[in-house]
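Asks: Sending over upload03.txt (compact mmCIF, C-alpha atoms).
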# COMPACT_ATOMS: atom_id res chain seq x y z
CA MET T 1 0.00 0.00 0.00
CA LYS T 2 1.22 3.48 -0.89
CA ILE T 3 1.01 5.81 2.10
CA LEU T 4 1.33 9.56 1.62
CA TYR T 5 2.02 12.18 4.29
CA PHE T 6 1.48 15.92 4.00
CA ALA T 7 2.35 19.11 5.91
CA TRP T 8 3.34 18.55 9.56
CA VAL T 9 2.48 14.83 9.37
CA ARG T 10 5.14 14.57 6.62
CA GLU T 11 7.63 16.60 8.66
CA LYS T 12 7.14 14.52 11.82
CA ILE T 13 7.46 11.20 10.01
CA GLY T 14 10.35 12.51 7.94
CA LYS T 15 9.14 11.32 4.54
CA SER T 16 6.45 12.26 2.04
CA GLN T 17 5.51 8.72 1.03
CA GLU T 18 6.32 5.06 1.43
CA GLU T 19 5.20 1.68 0.13
CA LEU T 20 4.35 -0.78 2.92
CA GLU T 21 3.09 -4.35 3.16
CA ILE T 22 0.15 -4.14 5.53
CA PRO T 23 -0.66 -7.18 7.72
CA ASN T 24 -4.06 -8.82 7.18
CA SER T 25 -5.12 -7.90 10.72
CA VAL T 26 -5.16 -4.22 9.73
CA SER T 27 -8.65 -3.57 8.38
CA THR T 28 -9.58 0.08 9.07
CA VAL T 29 -7.85 3.46 8.93
CA ALA T 30 -7.68 3.42 12.75
CA ASP T 31 -6.01 -0.03 12.65
CA LEU T 32 -3.46 1.27 10.17
CA ILE T 33 -2.63 4.23 12.43
CA SER T 34 -2.15 1.87 15.42
CA TRP T 35 0.08 -0.36 13.31
CA LEU T 36 2.15 2.57 12.04
CA GLU T 37 2.61 3.76 15.64
CA THR T 38 4.45 0.51 16.41
CA LYS T 39 7.02 1.42 13.75
CA GLY T 40 8.75 4.14 15.73
CA PRO T 41 8.57 7.35 17.78
CA GLU T 42 8.31 9.52 14.66
CA TYR T 43 5.00 7.82 13.79
CA ARG T 44 3.75 8.11 17.36
CA ALA T 45 4.56 11.84 17.26
CA ALA T 46 2.71 12.26 13.96
CA PHE T 47 -0.43 10.53 15.27
CA GLU T 48 -0.29 11.93 18.81
CA ASN T 49 -3.55 13.89 18.47
CA LYS T 50 -5.67 11.65 16.31
CA GLU T 51 -8.51 14.10 15.94
CA THR T 52 -6.09 16.36 14.04
CA ASN T 53 -5.14 13.56 11.61
CA ASN T 54 -7.32 13.60 8.53
CA SER T 55 -7.14 10.82 6.00
CA ALA T 56 -8.08 10.15 2.41
CA ILE T 57 -8.53 6.90 0.50
CA LYS T 58 -8.50 7.09 -3.29
CA GLN T 59 -8.27 10.87 -2.87
CA SER T 60 -11.57 11.19 -0.99
CA HIS T 61 -11.88 12.26 2.66
CA VAL T 62 -12.58 9.33 5.00
CA ASP T 63 -12.93 8.98 8.77
CA HIS T 64 -10.86 6.62 10.89
CA ARG T 65 -13.56 3.93 11.00
CA THR T 66 -13.41 3.45 7.24
CA PRO T 67 -12.29 -0.01 6.05
CA LEU T 68 -9.17 -0.06 3.88
CA ASN T 69 -10.63 -2.66 1.46
CA ASN T 70 -7.27 -3.27 -0.21
CA ALA T 71 -7.02 0.38 -1.25
CA SER T 72 -3.83 1.07 -3.17
CA GLU T 73 -3.34 4.57 -1.75
CA ILE T 74 -4.03 6.30 1.55
CA ALA T 75 -2.96 9.73 2.74
CA PHE T 76 -2.61 11.29 6.19
CA PHE T 77 -2.61 15.04 6.72
CA PRO T 78 -3.62 17.85 9.11
CA PRO T 79 -6.92 19.74 8.72
CA VAL T 80 -6.73 21.63 5.44
CA THR T 81 -5.93 25.37 5.41
CA GLY T 82 -6.13 26.54 1.79
CA GLY T 83 -7.98 29.47 0.29
CA MET J 84 -15.28 24.88 -15.91
CA THR J 85 -11.62 25.77 -15.33
CA ILE J 86 -9.65 24.37 -12.41
CA ARG J 87 -5.94 25.09 -12.12
CA ILE J 88 -3.25 24.67 -9.48
CA GLN J 89 -0.21 26.77 -10.31
CA THR J 90 2.84 28.51 -8.84
CA GLU J 91 2.56 31.57 -11.08
CA ASP J 92 0.23 34.51 -10.49
CA PHE J 93 -3.09 34.86 -12.29
CA ASP J 94 -4.58 37.75 -14.27
CA ILE J 95 -8.17 38.30 -13.15
CA THR J 96 -9.26 40.25 -16.25
CA LYS J 97 -7.76 37.64 -18.56
CA GLU J 98 -9.56 34.84 -16.71
CA ILE J 99 -12.89 36.70 -16.86
CA ASN J 100 -12.46 37.24 -20.59
CA LEU J 101 -11.66 33.56 -21.16
CA LEU J 102 -14.93 32.57 -19.48
CA LYS J 103 -16.91 35.17 -21.45
CA GLU J 104 -15.34 34.06 -24.74
CA GLU J 105 -16.16 30.44 -23.94
CA ARG J 106 -19.80 31.39 -23.46
CA SER J 107 -19.83 33.53 -26.63
CA LYS J 108 -18.44 30.59 -28.61
CA CYS J 109 -21.59 28.67 -27.63
CA GLY J 110 -23.48 31.40 -29.49
CA LYS J 111 -24.85 32.79 -26.22
CA GLU J 112 -24.67 36.32 -24.83
CA ASP J 113 -26.72 35.53 -21.74
CA VAL J 114 -24.12 36.39 -19.08
CA GLY J 115 -25.44 39.21 -16.95
CA ALA J 116 -23.35 38.83 -13.81
CA ILE J 117 -19.71 38.09 -13.11
CA VAL J 118 -18.50 37.68 -9.53
CA THR J 119 -14.84 37.23 -8.63
CA PHE J 120 -13.28 36.46 -5.28
CA THR J 121 -9.53 36.82 -4.74
CA GLY J 122 -7.81 35.64 -1.58
CA THR J 123 -4.46 37.30 -0.82
CA VAL J 124 -1.61 36.83 1.68
CA ARG J 125 -1.84 39.01 4.80
CA ASP J 126 1.33 40.39 6.41
CA MET J 127 0.15 39.34 9.88
CA ALA J 128 -0.68 35.95 11.37
CA GLY J 129 -2.86 37.13 14.25
CA LYS J 130 -0.45 39.50 16.05
CA THR J 131 2.72 38.06 14.47
CA PRO J 132 4.19 39.78 11.41
CA ILE J 133 5.05 37.29 8.69
CA SER J 134 7.60 37.58 5.91
CA SER J 135 6.35 34.81 3.59
CA MET J 136 4.09 31.78 3.27
CA SER J 137 4.45 28.44 1.55
CA LEU J 138 1.56 26.37 0.26
CA GLU J 139 1.61 22.61 -0.15
CA HIS J 140 -1.11 20.41 -1.67
CA TYR J 141 -2.02 16.82 -2.52
CA PRO J 142 -1.72 16.64 -6.32
CA GLY J 143 -4.60 14.68 -7.80
CA MET J 144 -6.84 14.90 -4.77
CA THR J 145 -6.90 18.69 -4.96
CA GLU J 146 -8.18 18.69 -8.54
CA LYS J 147 -10.68 15.93 -7.73
CA GLN J 148 -12.07 17.82 -4.72
CA LEU J 149 -12.28 21.14 -6.58
CA GLU J 150 -14.05 19.49 -9.52
CA ALA J 151 -16.58 17.95 -7.14
CA ILE J 152 -17.17 21.31 -5.43
CA ALA J 153 -17.59 23.09 -8.78
CA GLU J 154 -20.00 20.39 -10.01
CA GLU J 155 -22.09 20.77 -6.86
CA ALA J 156 -22.20 24.58 -7.35
CA ASN J 157 -23.34 24.07 -10.95
CA LYS J 158 -26.14 21.80 -9.73
CA ARG J 159 -27.34 24.34 -7.18
CA TRP J 160 -27.14 27.53 -9.27
CA PRO J 161 -27.65 28.27 -12.98
CA LEU J 162 -24.00 29.10 -13.68
CA LEU J 163 -22.70 29.93 -17.15
CA GLY J 164 -19.02 29.57 -16.26
CA THR J 165 -16.82 28.69 -13.29
CA THR J 166 -13.09 29.19 -12.69
CA ILE J 167 -11.08 28.14 -9.64
CA ILE J 168 -7.35 28.88 -9.59
CA HIS J 169 -5.22 28.20 -6.50
CA ARG J 170 -1.54 29.00 -6.18
CA ILE J 171 1.05 26.82 -4.44
CA GLY J 172 4.68 27.33 -3.45
CA GLU J 173 6.29 30.41 -1.93
CA LEU J 174 4.12 33.51 -1.57
CA ASN J 175 4.71 36.94 -0.05
CA PRO J 176 2.35 39.34 1.75
CA GLY J 177 0.11 40.99 -0.81
CA ASP J 178 0.39 38.11 -3.29
CA ASN J 179 -2.70 36.48 -4.73
CA ILE J 180 -3.52 32.99 -3.39
CA VAL J 181 -6.85 31.96 -4.83
CA LEU J 182 -9.27 33.11 -7.52
CA VAL J 183 -12.91 32.09 -7.91
CA ILE J 184 -15.02 33.41 -10.79
CA THR J 185 -18.68 32.66 -11.36
CA LEU J 186 -20.79 33.71 -14.34
CA SER J 187 -24.54 33.72 -14.37
CA SER J 188 -27.47 35.56 -15.95
CA HIS J 189 -28.29 37.24 -12.64
CA ARG J 190 -26.20 38.42 -9.72
CA HIS J 191 -27.65 36.40 -6.85
CA ALA J 192 -26.65 33.06 -8.33
CA ALA J 193 -23.15 34.34 -9.13
CA PHE J 194 -22.62 35.82 -5.63
CA GLU J 195 -23.98 32.80 -3.78
CA ALA J 196 -22.08 30.27 -5.89
CA ALA J 197 -18.77 32.10 -5.39
CA ASP J 198 -19.38 32.18 -1.62
CA PHE J 199 -20.28 28.48 -1.63
CA LEU J 200 -17.19 27.55 -3.68
CA MET J 201 -14.87 29.36 -1.26
CA ASP J 202 -16.48 27.80 1.83
CA PHE J 203 -16.09 24.30 0.43
CA LEU J 204 -12.62 24.93 -0.96
CA LYS J 205 -11.46 26.06 2.49
CA SER J 206 -12.68 22.95 4.26
CA LYS J 207 -12.32 20.21 1.61
CA ALA J 208 -9.46 21.01 -0.77
CA PRO J 209 -6.17 19.53 0.48
CA PHE J 210 -3.96 22.63 0.77
CA TRP J 211 -1.76 23.47 3.75
CA LYS J 212 -0.25 26.84 4.56
CA LYS J 213 3.00 27.36 6.43
CA GLU J 214 3.79 30.86 7.62
CA GLN J 215 7.29 32.23 8.11
CA PRO J 216 7.31 34.90 10.85
CA LEU J 217 9.81 37.78 10.57
CA GLU J 218 11.63 36.14 13.49
CA GLY J 219 11.76 32.48 14.48
CA GLU J 220 10.61 29.23 12.95
CA ALA J 221 7.90 28.73 10.34
CA ASN J 222 4.52 27.45 11.59
CA TRP J 223 1.81 25.38 9.96
CA VAL J 224 -1.43 27.33 10.00
CA ASP J 225 -4.19 25.86 12.20
CA ALA J 226 -7.58 25.19 10.68
CA ARG J 227 -10.29 27.58 11.88
CA ASP J 228 -13.51 26.40 13.48
CA SER J 229 -15.25 29.34 11.82
CA ASP J 230 -14.45 27.83 8.40
CA LYS J 231 -16.15 24.58 9.41
CA LYS J 232 -19.15 26.50 10.72
CA SER J 233 -19.42 28.38 7.42
CA LEU J 234 -20.22 25.08 5.72
CA THR J 235 -23.39 24.54 7.75
CA ARG J 236 -24.91 27.56 5.97
CA TRP J 237 -25.16 25.44 2.83
CA GLU J 238 -26.81 22.39 4.31
CA LYS J 239 -29.98 21.55 2.47
Please go through the file and, once you have read it, give me the structure as structure tokens.

Replies:
Amino acid sequence: MKILYFAWVREKIGKSQEELEIPNSVSTVADLISWLETKGPEYRAAFENKETNNSAIKQSHVDHRTPLNNASEIAFFPPVTGG
Amino acid sequence: MTIRIQTEDFDITKEINLLKEERSKCGKEDVGAIVTFTGTVRDMAGKTPISSMSLEHYPGMTEKQLEAIAEEANKRWPLLGTTIIHRIGELNPGDNIVLVITLSSHRHAAFEAADFLMDFLKSKAPFWKKEQPLEGEANWVDARDSDKKSLTRWEK
């Protein structure tokens, strides 16, 4: 799965994207966050305040309860501030 | 419908004329109202003077979200043309950030649709601003609750 990070989520994790093999036990966005947090302190820092972590699957906004359903791409980012 | 993400500045008059020409090419001269909104960079972040701003986005998702927002506006109002242009990269106080243009036969539709487009752009389009104060480290801008509240005005 391709995982993209933007803005301060990208800065905290230290990369803009990565390709990861996700275990079968990971079925929702929330599961994926918990799994990423086991990968190191930089991930724990990025997901420290979960309500500030927005996510998108196939470039549409989703909440953390959303199933991954073998999506090829997911993105994590702070609340948007354009305009 | 024109949707563009770009680093370079935009020319408001040129963009208006492009939309008018497009409509004329359809053999129609039924545009009676043109509304434009331009968002620009302020030199203050609250009480902190800033020297510049950088804008990041999620390529692909941004275009998809803006297209969806523009399509929804076209469903709600009888628009005869829509342009959304958003800049990314390094910007300085006074620079243009975003341009929304709506064309319609009558003003109310054009005003309301432009307002609607900006409200949805601000809460759905994946852009992030980082402000560089005159002194100290750059900060990511926090989302405003007031922007979220603005959306509720459009609930059907």

Asks: Give me, as an MDAnalysis selection string, the residues of chain T touching chain J, with the criterion being at most 12 Å (counting all atoms listed in the file).

Replies: chainID T and resid 4:11 16:17 52:62 73:83

Asks: With all atoms listed in the file as the counted atoms, please give the residues lying no more than 9 Å from Lys103 in chain J, apart from itself and same-chain residues fewer than 3 positions off, as a PyMOL selection string.

Replies: chain J and resi 98-100+106-108+112+114+163-164+186

Asks: Please produce a file of those selected residues containing C-alpha atoms, as a PDB file, in the frame of the given file.

Replies:
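File produced: result-v4.pdb:
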ATOM      1  CA  GLU J  98      -9.560  34.840 -16.710  1.00  0.00           C
ATOM      2  CA  ILE J  99     -12.890  36.700 -16.860  1.00  0.00           C
ATOM      3  CA  ASN J 100     -12.460  37.240 -20.590  1.00  0.00           C
ATOM      4  CA  ARG J 106     -19.800  31.390 -23.460  1.00  0.00           C
ATOM      5  CA  SER J 107     -19.830  33.530 -26.630  1.00  0.00           C
ATOM      6  CA  LYS J 108     -18.440  30.590 -28.610  1.00  0.00           C
ATOM      7  CA  GLU J 112     -24.670  36.320 -24.830  1.00  0.00           C
ATOM      8  CA  VAL J 114     -24.120  36.390 -19.080  1.00  0.00           C
ATOM      9  CA  LEU J 163     -22.700  29.930 -17.150  1.00  0.00           C
ATOM     10  CA  GLY J 164     -19.020  29.570 -16.260  1.00  0.00           C
ATOM     11  CA  LEU J 186     -20.790  33.710 -14.340  1.00  0.00           C
TER      12      LEU J 186
END

Asks: Under the rule that only C-alpha atoms are counted, which of J:Ala197, J:Cys109, J:Ala221, J:Ala156 is the nearest residue to Ser137 in chain J?

Replies: J:Ala221

Asks: Quick one: of T:Met1, T:Ser27, T:Leu20, T:Gly14, who's nearest to Glu42 in chain T, counting all atoms listed in the file?

Replies: T:Gly14

Asks: Grab the CA of Pro132 in chain J to CA of Glu218 in chain J distance for me, in Å with one decimal place.

Replies: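 We find that CA of Pro132 in chain J and CA of Glu218 in chain J lie 8.5 Å from each other.
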
Asks: Calculate how many Å separate CA of Phe199 in chain J from CA of Trp237 in chain J, rounding to one decimal.

Replies: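 Spanning CA of Phe199 in chain J to CA of Trp237 in chain J is a straight-line distance of 7.3 Å.
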
Asks: Can you work out the spacing between CA of Ile95 in chain J and CA of Thr119 in chain J in Å, to one decimal?

Replies: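 Computed distance, CA of Ile95 in chain J to CA of Thr119 in chain J, equals 8.1 Å.
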
Asks: Which residue, T:Ile3, T:Ile13, T:Val26, T:Asp63, has the smallest gap to Tyr43 in chain T when you use all atoms listed in the file?

Replies: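 The shortest atom-to-atom distance to Tyr43 in chain T comes from T:Ile13.
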